[in-house]
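Undergrad: First, the structure itself, so that you have it in front of you.
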Amino acid sequence: MSHRGRWSWLVMVTGLCVLSGCAEHSPFAIFMDSTTHCTKMVLQGDIQTVAQTREQRFLGKVPESTARCLGGKRAERLREGPWLDWPNYWAAGDATSLAPARLLSDAKVIGPNAHGINAALYELELQRIELIKFNLFDNNKTYEAYVRGRNGEAGPVLKTWPEMRLPESHPDFTAVGGGQAQICRGASIRFRSLTGICNDIRNPLMGSTNQLFARNVDFDTTFPDLGLNELTKNRHGDRVGLLKPDPQIISRKLFTRAQSQPDKCREGYGLPGSAKEAECDYEKAPFFNVLAAFWIQFMTHDWFAHLEEGHNRP
């Protein structure tokens, strides 16, 4: 930069300081601080990408320059805690999380607020992708399309999956569209069926009978007693397995309640003929778990028919 150019830059910065104030916590100072550290972050390459191995996966913590770029000194200070960093970024919370900088305050791409909210969304998506990559092992052959996309459409926004179509042998094949685009209609989306099809309107086979659950544990970890690799052998040493200890034994040890009249309880089966004299010592639940409410709401689709609102089948 020429001597004249340097003086022009100094005059411009001085003018902005006069207008906005150059105090440490002034809007202009915050804007310049964020911009400086964002530049440093880019030059140092401190931008997390999808990990190649499980050990490299993103754990929600960022370097100092990244925190300073995306949330100022507060985010830099709070990164020492055990929690995720993104809630401390500019604009990632309520109105108080907005950066006081006036420059580019409403911009969508650049500026402290844009950097903060976009980075928070990026990190959430990054963790979602790595969750699928390292913890949901593909059993239905849909993961490759999720990663690579299909016909120019990005994988995360795909709405239909060929693997989730009803086959020609299925009795409802024609009802959902047959060989054309399959979409659940009519009674199939009004109430649940015995086979569980049409949980997803555009992917009728999803979640139905005979569909595999997504694995969320490596095969060698699920069956450590097989000793499929050295790490598994050393970690477990034949001490644990899928049924070692037996889950039923654990359940009985933890939940079996000693009965004052075991002859009248008979391990919860009561007396023959459902006699009223049967007696088991139960403890009243001190609370009602909200998960039970969710389950009951879900099961009403099995207990009642909703073909006509407010009426049950005879």
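Identifiers for the structure tokens are assigned positionally: chains receive A, B, ... in sequence, residues are indexed from 1 per chain, and ligands are indexed from 1 in the order shown.
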For Arg68 in chain A, list every protein, DNA or RNA residue within 12 Å, evaluated using only C-alpha atoms, and leave out those in the same chain fewer than 6 positions away; present the list as a list in words.
TA: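 In the requested format, the answer is Ile30, Phe31, Met32, Asp33, Ser34, Thr35, Thr36, His37, Cys38, Thr39, Lys40, Met41, Val62, Arg74, Ala75, Glu76, Arg77, Leu78, Arg79, Asp85, Trp86, Asn88, Tyr89, Trp90, Pro112, His115 and Gly116 of chain A.
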Undergrad: Based on the selection just made, write N, CA and C atoms of those residues as a tab-separated table (two decimals), in the first residue's frame.
TA:
chain	number	residue	atom	x	y	z
A	30	ILE	N	-16.63	-3.72	18.42
A	30	ILE	CA	-17.10	-5.11	18.38
A	30	ILE	C	-17.12	-5.62	16.95
A	31	PHE	N	-17.56	-4.77	16.03
A	31	PHE	CA	-17.58	-5.16	14.62
A	31	PHE	C	-16.17	-5.46	14.12
A	32	MET	N	-15.22	-4.58	14.45
A	32	MET	CA	-13.85	-4.77	13.99
A	32	MET	C	-13.22	-5.99	14.64
A	33	ASP	N	-13.53	-6.22	15.93
A	33	ASP	CA	-12.98	-7.38	16.63
A	33	ASP	C	-13.49	-8.67	15.99
A	34	SER	N	-14.78	-8.71	15.69
A	34	SER	CA	-15.35	-9.90	15.06
A	34	SER	C	-14.76	-10.13	13.68
A	35	THR	N	-14.64	-9.05	12.91
A	35	THR	CA	-14.09	-9.17	11.56
A	35	THR	C	-12.64	-9.64	11.59
A	36	THR	N	-11.85	-9.10	12.52
A	36	THR	CA	-10.44	-9.48	12.63
A	36	THR	C	-10.29	-10.96	12.94
A	37	HIS	N	-11.07	-11.44	13.91
A	37	HIS	CA	-10.93	-12.84	14.30
A	37	HIS	C	-11.55	-13.79	13.28
A	38	CYS	N	-12.55	-13.32	12.53
A	38	CYS	CA	-13.09	-14.15	11.45
A	38	CYS	C	-12.04	-14.33	10.36
A	39	THR	N	-11.32	-13.26	10.07
A	39	THR	CA	-10.23	-13.35	9.09
A	39	THR	C	-9.16	-14.31	9.57
A	40	LYS	N	-8.82	-14.21	10.85
A	40	LYS	CA	-7.82	-15.10	11.44
A	40	LYS	C	-8.29	-16.55	11.38
A	41	MET	N	-9.57	-16.76	11.64
A	41	MET	CA	-10.13	-18.11	11.61
A	41	MET	C	-10.00	-18.73	10.22
A	62	VAL	N	-15.03	-25.07	19.84
A	62	VAL	CA	-14.29	-24.43	18.75
A	62	VAL	C	-13.05	-23.72	19.30
A	74	ARG	N	-17.39	-12.73	25.02
A	74	ARG	CA	-18.22	-13.56	25.89
A	74	ARG	C	-18.14	-15.03	25.46
A	75	ALA	N	-18.26	-15.28	24.16
A	75	ALA	CA	-18.17	-16.65	23.66
A	75	ALA	C	-16.79	-17.22	23.90
A	76	GLU	N	-15.76	-16.38	23.77
A	76	GLU	CA	-14.40	-16.84	24.02
A	76	GLU	C	-14.23	-17.24	25.48
A	77	ARG	N	-14.82	-16.47	26.38
A	77	ARG	CA	-14.69	-16.76	27.81
A	77	ARG	C	-15.46	-18.03	28.19
A	78	LEU	N	-16.66	-18.19	27.64
A	78	LEU	CA	-17.52	-19.32	28.03
A	78	LEU	C	-17.10	-20.64	27.38
A	79	ARG	N	-16.22	-20.60	26.40
A	79	ARG	CA	-15.80	-21.84	25.76
A	79	ARG	C	-15.02	-22.74	26.71
A	85	ASP	N	-20.54	-24.59	22.33
A	85	ASP	CA	-20.17	-23.18	22.15
A	85	ASP	C	-21.21	-22.38	21.38
A	86	TRP	N	-21.94	-23.02	20.46
A	86	TRP	CA	-22.79	-22.23	19.56
A	86	TRP	C	-23.89	-21.43	20.26
A	88	ASN	N	-23.60	-19.45	22.48
A	88	ASN	CA	-23.01	-18.18	22.88
A	88	ASN	C	-22.66	-17.29	21.69
A	89	TYR	N	-23.01	-17.73	20.48
A	89	TYR	CA	-22.69	-16.93	19.30
A	89	TYR	C	-23.66	-15.77	19.16
A	90	TRP	N	-23.24	-14.78	18.38
A	90	TRP	CA	-24.11	-13.64	18.10
A	90	TRP	C	-25.41	-14.12	17.44
A	112	PRO	N	-21.40	-9.64	12.28
A	112	PRO	CA	-21.41	-10.48	13.48
A	112	PRO	C	-22.67	-11.33	13.63
A	115	HIS	N	-22.79	-14.02	10.95
A	115	HIS	CA	-21.78	-15.04	11.23
A	115	HIS	C	-22.23	-15.96	12.36
A	116	GLY	N	-22.79	-15.37	13.42
A	116	GLY	CA	-23.18	-16.16	14.58
A	116	GLY	C	-24.28	-17.15	14.29
Undergrad: Considering only helix (DSSP H, G or I) as DSSP defines it on the backbone, what residues of range 62-137 of chain A qualify? List them as a VMD selection string.
TA: chain A and resid 64 to 78 86 to 88 95 to 97 112 to 135
Undergrad: Based on the selection just made, write C-alpha atoms of those residues as a compact mmCIF listing (two decimals), in the first residue's frame.
TA:
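Printed below is selection.txt as written:
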# COMPACT_ATOMS: atom_id res chain seq x y z
CA GLU A 64 -10.45 -19.26 20.50
CA SER A 65 -10.35 -17.33 17.24
CA THR A 66 -13.55 -19.02 16.06
CA ALA A 67 -15.37 -18.26 19.30
CA ARG A 68 -14.20 -14.63 19.19
CA CYS A 69 -15.30 -14.30 15.57
CA LEU A 70 -18.75 -15.76 16.14
CA GLY A 71 -19.63 -14.51 19.61
CA GLY A 72 -17.09 -11.96 20.77
CA LYS A 73 -15.27 -12.01 24.09
CA ARG A 74 -18.22 -13.56 25.89
CA ALA A 75 -18.17 -16.65 23.66
CA GLU A 76 -14.40 -16.84 24.02
CA ARG A 77 -14.69 -16.76 27.81
CA LEU A 78 -17.52 -19.32 28.03
CA TRP A 86 -22.79 -22.23 19.56
CA PRO A 87 -25.47 -20.98 22.04
CA ASN A 88 -23.01 -18.18 22.88
CA ALA A 95 -32.74 -10.43 21.40
CA THR A 96 -30.00 -9.91 23.99
CA SER A 97 -27.66 -12.12 21.96
CA PRO A 112 -21.41 -10.48 13.48
CA ASN A 113 -25.09 -11.48 13.67
CA ALA A 114 -25.01 -13.27 10.32
CA HIS A 115 -21.78 -15.04 11.23
CA GLY A 116 -23.18 -16.16 14.58
CA ILE A 117 -26.52 -17.57 13.49
CA ASN A 118 -25.14 -19.16 10.31
CA ALA A 119 -22.31 -20.80 12.25
CA ALA A 120 -24.75 -22.14 14.85
CA LEU A 121 -26.88 -23.72 12.11
CA TYR A 122 -23.78 -25.08 10.41
CA GLU A 123 -22.54 -26.75 13.59
CA LEU A 124 -25.94 -28.31 14.28
CA GLU A 125 -26.05 -29.73 10.76
CA LEU A 126 -22.47 -30.94 11.10
CA GLN A 127 -23.30 -32.83 14.28
CA ARG A 128 -26.44 -34.27 12.68
CA ILE A 129 -24.45 -35.59 9.71
CA GLU A 130 -21.79 -37.10 11.97
CA LEU A 131 -24.46 -38.64 14.19
CA ILE A 132 -25.83 -40.47 11.18
CA LYS A 133 -22.39 -41.31 9.84
CA PHE A 134 -20.96 -42.77 13.04
CA ASN A 135 -24.00 -43.96 14.99
Undergrad: Would you compute the distance between CA of Leu271 in chain A and CA of Thr256 in chain A? Give it in Å to one decimal.
TA: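 CA of Thr256 in chain A lies at a distance of 18.6 Å from CA of Leu271 in chain A.
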Undergrad: Have a look at CA of Asp220 in chain A and CA of Val240 in chain A and let me know their distance in Å, one decimal.
TA: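 CA of Asp220 in chain A sits 12.4 Å away from CA of Val240 in chain A.
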Undergrad: Give me the residues within 10 Å of range 279-295 of chain A as a list in words, counting only C-alpha atoms and dropping any in the same chain fewer than 6 places off.
TA: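 Surrounding residues, per the criterion: Arg257, Ala258, Gln259, Ser260, Gln261, Pro262, Asp263, Lys264, Cys265, Arg266, Glu267, Gly268, Tyr269, Gly270 and Leu271 of chain A.
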Undergrad: Tell me which of A:Leu212, A:Ile250, A:Val157, A:Ile183 sits closest to Lys141 in chain A, counting only C-alpha atoms.
TA: A:Leu212
